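This is my_file-v2.cif. It holds mmCIF, C-alpha atoms and all ligand atoms.
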data_my_file
#
loop_
_atom_site.label_atom_id
_atom_site.label_comp_id
_atom_site.auth_asym_id
_atom_site.auth_seq_id
_atom_site.Cartn_x
_atom_site.Cartn_y
_atom_site.Cartn_z
CA MET A 21 26.59 113.94 21.80
CA LYS A 22 23.41 115.87 22.46
CA LYS A 23 21.48 113.00 20.86
CA TYR A 24 22.18 110.51 23.65
CA GLU A 25 18.98 109.55 25.45
CA CYS A 26 20.82 109.15 28.74
CA LEU A 27 21.34 112.92 28.97
CA THR A 28 19.14 115.04 31.19
CA ASN A 29 19.01 118.66 32.27
CA ASP A 30 17.39 117.60 35.52
CA SER A 31 20.34 117.08 37.83
CA SER A 32 18.18 115.53 40.55
CA ILE A 33 17.75 112.38 38.45
CA ALA A 34 21.28 112.33 37.00
CA SER A 35 23.76 109.64 38.08
CA ALA A 36 26.71 111.78 37.00
CA VAL A 37 27.08 115.54 36.81
CA PHE A 38 29.16 117.15 34.07
CA VAL A 39 31.00 120.27 35.22
CA PRO A 40 31.29 122.58 32.21
CA PHE A 41 34.63 124.11 33.15
CA TYR A 42 37.18 124.41 30.35
CA ALA A 43 40.17 123.79 32.58
CA GLY A 44 42.60 123.35 29.67
CA LEU A 45 41.63 126.59 27.94
CA ASP A 46 41.84 128.46 31.21
CA MET A 47 45.27 127.03 31.99
CA SER A 48 46.63 127.65 28.49
CA MET A 49 46.25 131.40 28.99
CA TYR A 50 48.34 131.51 32.15
CA LEU A 51 50.90 128.70 32.02
CA TRP A 52 53.78 130.95 31.00
CA GLY A 53 54.72 134.11 32.85
CA TYR A 54 51.87 134.31 35.36
CA ASN A 55 52.15 133.91 39.11
CA ILE A 56 50.38 131.10 40.90
CA SER A 57 47.53 133.21 42.23
CA VAL A 58 46.56 134.06 38.64
CA ARG A 59 46.97 130.44 37.55
CA ASP A 60 44.77 129.16 40.38
CA SER A 61 42.19 131.91 40.29
CA ALA A 62 39.49 130.34 38.09
CA SER A 63 39.95 126.93 39.74
CA LEU A 64 39.40 128.39 43.19
CA GLY A 65 36.35 130.28 41.96
CA LEU A 66 34.97 127.13 40.37
CA VAL A 67 35.20 124.87 43.41
CA LYS A 68 33.78 127.54 45.69
CA TRP A 69 30.79 127.94 43.39
CA LEU A 70 30.33 124.20 42.91
CA ALA A 71 30.41 123.31 46.57
CA GLU A 72 27.50 125.66 47.22
CA LYS A 73 25.26 123.99 44.64
CA PRO A 74 22.52 121.58 45.74
CA GLU A 75 23.95 118.95 43.34
CA TRP A 76 27.18 118.92 45.32
CA LYS A 77 25.50 118.07 48.62
CA ARG A 78 24.23 114.74 47.34
CA MET A 79 27.61 112.97 47.05
CA LEU A 80 30.06 115.75 47.93
CA GLY A 81 31.22 115.84 44.35
CA ARG A 82 31.92 112.11 43.94
CA ASP A 83 29.45 112.03 41.04
CA HIS A 84 30.92 115.11 39.34
CA PHE A 85 33.31 115.00 36.40
CA LEU A 86 35.03 117.49 34.15
CA VAL A 87 36.89 117.26 30.88
CA ALA A 88 40.21 119.05 30.35
CA GLY A 89 41.89 119.44 26.99
CA ARG A 90 45.41 119.34 28.43
CA ILE A 91 47.46 116.70 30.22
CA ALA A 92 46.55 115.87 33.81
CA TRP A 93 49.87 117.09 35.21
CA ASP A 94 49.12 120.66 34.15
CA PHE A 95 46.55 120.72 36.95
CA ARG A 96 48.62 119.02 39.63
CA ARG A 97 51.12 121.56 40.88
CA GLN A 98 52.40 120.06 44.11
CA THR A 99 53.79 123.16 45.86
CA ASP A 100 53.17 126.89 45.90
CA ASN A 101 56.67 127.57 44.62
CA GLU A 102 56.30 130.09 41.79
CA SER A 103 58.72 128.10 39.64
CA ASP A 104 56.52 124.96 39.75
CA TRP A 105 54.41 124.15 36.73
CA GLY A 106 50.65 124.49 36.27
CA SER A 107 47.71 125.02 38.57
CA LYS A 108 46.69 123.12 41.66
CA LEU A 109 43.11 122.57 40.51
CA ARG A 110 43.27 118.84 41.14
CA PHE A 111 44.77 119.20 44.60
CA LEU A 112 41.94 121.40 45.86
CA PRO A 113 39.81 119.44 48.39
CA GLU A 114 36.63 119.71 46.30
CA SER A 115 38.39 118.76 43.11
CA LYS A 116 39.89 115.66 44.72
CA ASN A 117 36.36 114.27 44.97
CA MET A 118 35.64 114.79 41.27
CA SER A 119 36.81 112.75 38.29
CA MET A 120 38.64 114.33 35.40
CA LEU A 121 38.91 113.12 31.83
CA SER A 122 42.11 114.52 30.36
CA ILE A 123 44.76 113.91 27.76
CA GLU A 124 46.87 111.39 29.71
CA SER A 125 46.06 110.65 33.31
CA SER A 126 48.22 111.06 36.38
CA SER A 127 48.86 108.34 38.90
CA TRP A 128 45.92 109.54 41.01
CA ASN A 129 42.99 107.23 40.54
CA ASN A 130 40.34 109.79 39.68
CA ASP A 131 41.99 110.89 36.44
CA PHE A 132 40.97 109.05 33.29
CA ALA A 133 42.90 109.36 30.06
CA ILE A 134 41.04 110.17 26.88
CA PRO A 135 42.65 110.40 23.43
CA TYR A 136 43.87 113.66 21.99
CA PRO A 137 41.20 115.23 19.81
CA THR A 138 41.93 114.68 16.13
CA CYS A 139 40.59 116.48 13.07
CA PHE A 140 38.29 113.58 12.18
CA HIS A 141 34.71 114.40 13.12
CA PRO A 142 32.35 111.77 11.75
CA SER A 143 28.68 112.55 12.18
CA LYS A 144 27.43 109.02 11.70
CA GLU A 145 28.69 105.45 12.03
CA SER A 146 28.79 104.85 8.28
CA GLU A 147 31.41 107.58 7.90
CA ILE A 148 33.68 105.68 10.27
CA PHE A 149 33.35 102.45 8.25
CA GLU A 150 33.94 104.34 5.03
CA TRP A 151 37.08 105.88 6.47
CA GLN A 152 38.38 102.54 7.81
CA ASP A 153 37.81 100.98 4.43
CA ARG A 154 39.74 103.75 2.72
CA MET A 155 42.65 103.45 5.16
CA ARG A 156 42.85 99.68 4.68
CA ARG A 157 43.14 100.15 0.94
CA GLN A 158 45.89 102.79 1.13
CA LYS A 159 49.07 102.08 -0.75
CA ARG A 160 51.81 102.69 1.79
CA GLN A 161 55.00 103.62 0.02
CA TYR A 162 57.08 104.32 3.15
CA LEU A 163 58.09 101.71 5.69
CA PHE A 164 58.13 104.32 8.44
CA SER A 165 57.72 108.01 9.02
CA PHE A 166 58.23 110.69 11.61
CA ALA A 167 56.43 114.01 11.94
CA GLY A 168 58.04 116.23 14.53
CA ALA A 169 60.91 118.45 15.58
CA PRO A 170 64.12 117.67 17.48
CA ARG A 171 64.12 118.52 21.18
CA PRO A 172 67.75 119.42 21.88
CA GLU A 173 66.65 121.03 25.16
CA TYR A 174 65.74 117.58 26.51
CA GLN A 175 68.94 115.71 27.25
CA ASN A 176 67.47 112.25 26.79
CA SER A 177 65.35 113.01 23.75
CA ILE A 178 65.71 110.43 21.03
CA ARG A 179 64.17 112.68 18.40
CA GLY A 180 67.45 113.95 16.92
CA LYS A 181 68.59 110.36 16.39
CA ILE A 182 65.28 109.42 14.79
CA ILE A 183 65.53 112.33 12.38
CA ASP A 184 69.14 111.38 11.44
CA GLU A 185 68.16 107.75 10.86
CA CYS A 186 65.13 108.74 8.86
CA LEU A 187 67.16 111.00 6.57
CA ALA A 188 69.82 108.30 6.18
CA SER A 189 67.27 105.67 5.16
CA LYS A 190 66.65 107.32 1.78
CA ASN A 191 63.21 106.28 0.59
CA LEU A 192 62.28 103.95 3.44
CA CYS A 193 61.38 106.80 5.76
CA LYS A 194 59.41 110.01 5.26
CA LEU A 195 60.26 112.94 7.50
CA LEU A 196 57.77 115.74 8.06
CA ASP A 197 59.70 118.62 9.59
CA CYS A 198 57.72 120.33 12.34
CA ASN A 199 60.58 122.52 13.52
CA TYR A 200 59.80 125.95 14.94
CA GLY A 201 58.99 128.24 12.07
CA ALA A 202 58.05 125.38 9.72
CA THR A 203 54.33 125.35 8.98
CA ASN A 204 54.14 121.79 7.58
CA CYS A 205 52.50 120.32 10.62
CA ASP A 206 49.93 123.02 11.33
CA ASN A 207 47.83 121.70 8.49
CA PRO A 208 46.42 118.27 9.39
CA VAL A 209 46.19 117.41 5.68
CA ASN A 210 50.00 117.33 5.47
CA VAL A 211 50.34 115.12 8.51
CA MET A 212 47.62 112.70 7.45
CA ARG A 213 49.04 112.43 3.94
CA VAL A 214 52.37 111.23 5.34
CA PHE A 215 50.80 108.81 7.83
CA GLN A 216 48.46 107.35 5.24
CA SER A 217 51.51 106.54 3.13
CA SER A 218 53.45 104.82 5.93
CA THR A 219 53.29 101.41 7.58
CA PHE A 220 54.89 102.45 10.90
CA CYS A 221 54.75 105.90 12.52
CA LEU A 222 57.49 106.64 15.04
CA GLN A 223 56.17 108.21 18.25
CA PRO A 224 58.91 109.32 20.63
CA PRO A 225 57.61 111.24 23.67
CA GLY A 226 56.80 114.93 23.18
CA ASP A 227 56.60 117.36 26.09
CA SER A 228 54.81 114.54 27.87
CA TYR A 229 54.61 110.79 27.25
CA THR A 230 52.03 110.87 24.48
CA ARG A 231 51.52 113.23 21.58
CA ARG A 232 48.66 114.04 19.25
CA SER A 233 50.57 112.32 16.49
CA ILE A 234 49.87 108.91 18.08
CA PHE A 235 46.17 109.39 17.52
CA ASP A 236 46.61 110.81 14.05
CA SER A 237 48.64 107.74 13.11
CA ILE A 238 46.04 105.31 14.48
CA LEU A 239 43.43 107.22 12.51
CA ALA A 240 45.54 106.90 9.37
CA GLY A 241 45.96 103.14 9.84
CA CYS A 242 49.67 103.61 10.49
CA ILE A 243 51.08 101.45 13.31
CA PRO A 244 52.40 103.73 16.09
CA VAL A 245 55.85 102.76 17.40
CA PHE A 246 56.44 103.74 21.03
CA PHE A 247 59.76 104.52 22.65
CA HIS A 248 58.58 104.76 26.23
CA PRO A 249 56.31 102.34 28.10
CA ASP A 250 54.07 105.15 29.34
CA GLY A 251 53.28 106.07 25.76
CA ASP A 252 50.30 103.78 25.85
CA ASP A 253 50.67 101.08 28.48
CA TYR A 254 48.79 102.21 31.50
CA LYS A 255 47.72 105.72 30.73
CA TYR A 256 45.12 104.82 28.15
CA THR A 257 43.66 101.58 29.47
CA PHE A 258 40.33 103.28 30.07
CA SER A 259 39.75 104.72 26.64
CA LEU A 260 41.65 102.32 24.37
CA TYR A 261 40.77 98.98 25.92
CA GLY A 262 38.06 99.46 28.56
CA ASN A 263 35.84 101.08 26.00
CA GLY A 264 36.37 98.34 23.46
CA ILE A 265 37.83 100.72 20.87
C1 LIG A 301 61.54 126.89 44.30
O1 LIG A 301 62.07 126.15 43.21
C2 LIG A 301 63.38 126.55 42.84
C3 LIG A 301 63.73 125.78 41.55
O2 LIG A 301 63.39 124.43 41.64
C4 LIG A 301 64.34 126.27 43.99
O3 LIG A 301 65.64 126.67 43.62
C5 LIG A 301 63.86 127.04 45.21
O4 LIG A 301 64.67 126.72 46.31
C6 LIG A 301 62.41 126.71 45.53
N1 LIG A 301 61.91 127.59 46.58
C7 LIG A 301 61.28 127.14 47.66
C8 LIG A 301 60.80 128.19 48.61
O5 LIG A 301 61.06 125.95 47.86
C1 LIG A 302 35.01 114.75 49.69
O1 LIG A 302 34.48 113.49 50.02
C2 LIG A 302 34.74 113.07 51.35
C3 LIG A 302 34.19 111.67 51.56
O2 LIG A 302 33.43 111.20 50.54
C4 LIG A 302 34.14 114.04 52.33
O3 LIG A 302 34.45 113.66 53.65
C5 LIG A 302 34.68 115.43 52.06
O4 LIG A 302 34.05 116.38 52.90
C6 LIG A 302 34.44 115.82 50.60
N1 LIG A 302 35.06 117.09 50.33
C7 LIG A 302 34.37 118.18 49.97
C8 LIG A 302 35.16 119.43 49.81
O5 LIG A 302 33.17 118.19 49.79
#
Rendering of file as structure tokens:
Amino acid sequence: MKKYECLTNDSSIASAVFVPFYAGLDMSMYLWGYNISVRDSASLGLVKWLAEKPEWKRMLGRDHFLVAGRIAWDFRRQTDNESDWGSKLRFLPESKNMSMLSIESSSWNNDFAIPYPTCFHPSKESEIFEWQDRMRRQKRQYLFSFAGAPRPEYQNSIRGKIIDECLASKNLCKLLDCNYGATNCDNPVNVMRVFQSSTFCLQPPGDSYTRRSIFDSILAGCIPVFFHPDGDDYKYTFSLYGNGI
């Protein structure tokens, strides 16, 4: 990324200003078991600091953007009820003027969805073509596969059914068990091996509408099968279609 000629350290000539705040990492530390003042603390500090910068004055933050490695809803807590989820970063007045690139977007129009990071890190274009070529030539012995765990705590989760059907299908389906305690899915090699051997990869919603697995399956040349329209329909129009990928 540092190679792009459009980058500059001189903010006075920049058309967009990147805000190097790791909102997802910050939130991950405090999502469970911390009160809202702790969860909001870094966000409040950030916007206060930003708004005093000369760069802010130019467009009142409209040209600022940040990147968050968690879903947009983690930063959109609507009330100050302690039992509500996440921080209110994106409801702070300064933050409302900025754009955020996050895993999934919310229905607010200054969130833009970007894909989950995968473990594929090509350093040049030729590595991408090489990889695509390899994936096209894969022998896919399974018709479909599922990598995941059941979610009995979610009443409407279809995952249990998918696992039953997969097991009942004998050799048509490959199940990679990611249940709590199982370590199969921590190693991306295991996940990619299954997806590279499958034609269709089943992608029921996870904690949110999308899951990293969708992007792993696309990478492996396995066709993702969605069970909910939000899985790809409008959340990812920016990165999947607008960008020509
Ligand atoms: C906070 O949320 C809980 C659970 O949703 C609810 O029972 C409670 O009434 C709410 N408190 C306030 C002050 O809104
Ligand atoms: C956000 O932008 C609006 C209009 O562009 C402006 O009126 C407002 O003061 C800005 N908010 C902050 C906190 O700078």
Shell around region 193-199 of chain A at 6 Å using only C-alpha atoms, local window under 4 positions removed, as a PDB file with C-alpha atoms, in the frame of the given file:
ATOM      1  CA  TYR A 162      57.080 104.320   3.150  1.00  0.00           C
ATOM      2  CA  PHE A 164      58.130 104.320   8.440  1.00  0.00           C
ATOM      3  CA  SER A 165      57.720 108.010   9.020  1.00  0.00           C
ATOM      4  CA  PHE A 166      58.230 110.690  11.610  1.00  0.00           C
ATOM      5  CA  ALA A 167      56.430 114.010  11.940  1.00  0.00           C
ATOM      6  CA  GLY A 168      58.040 116.230  14.530  1.00  0.00           C
ATOM      7  CA  ALA A 169      60.910 118.450  15.580  1.00  0.00           C
ATOM      8  CA  CYS A 186      65.130 108.740   8.860  1.00  0.00           C
ATOM      9  CA  CYS A 205      52.500 120.320  10.620  1.00  0.00           C
TER      10      CYS A 205
END
TODO: Would you mind listing the residues within 12 Å of ligand LIG 302 (chain A), counting only C-alpha atoms and all ligand atoms, as a list of chain:residue names?
DONE: A:Leu64, A:Val67, A:Lys68, A:Trp69, A:Leu70, A:Ala71, A:Glu72, A:Lys73, A:Pro74, A:Glu75, A:Trp76, A:Lys77, A:Arg78, A:Met79, A:Leu80, A:Gly81, A:Arg82, A:Asp83, A:His84, A:Arg110, A:Phe111, A:Leu112, A:Pro113, A:Glu114, A:Ser115, A:Lys116, A:Asn117, A:Met118, A:Ser119
Open item on the list: Neighbours of ligand LIG 301 (chain A) at 9 Å or closer, counting all atoms listed in the file: which residues, as a PyMOL selection string?
Closed with: chain A and resi 99-104
Task: Computed interatomic separation between CA of Phe140 (chain A) and CA of Ser125 (chain A) (Å) - done: 22.7 Å
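Checking A:Gln158, A:Thr138, A:Ser228, A:Asn207 one by one against Gly241 (chain A), counting only C-alpha atoms, you find the shortest gap at A:Gln158.
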- [ ] Grab the CA of Ile182 (chain A) to CA of Val245 (chain A) distance for me, in Å with one decimal place.
- [x]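 Taking CA of Ile182 (chain A) and CA of Val245 (chain A), their separation equals 11.8 Å.
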Open item on the list: Please report the interatomic distance between CA of Asp60 (chain A) and CA of Ala88 (chain A) in Å with one decimal.
Closed with: 15.0 Å
TODO: Please provide the set of residues having any atom within 12 Å of Lys159 (chain A), restricted to only C-alpha atoms, with same-chain residues fewer than 5 positions apart removed, written as an MDAnalysis selection string.
DONE: chainID A and resid 154 213:219 240:242
- [ ] Give me the residues within 12 Å of Tyr50 (chain A) as a PyMOL selection string, counting only C-alpha atoms and dropping any in the same chain fewer than 2 places off.
- [x] chain A and resi 43-48+52-62+94-95+105-107
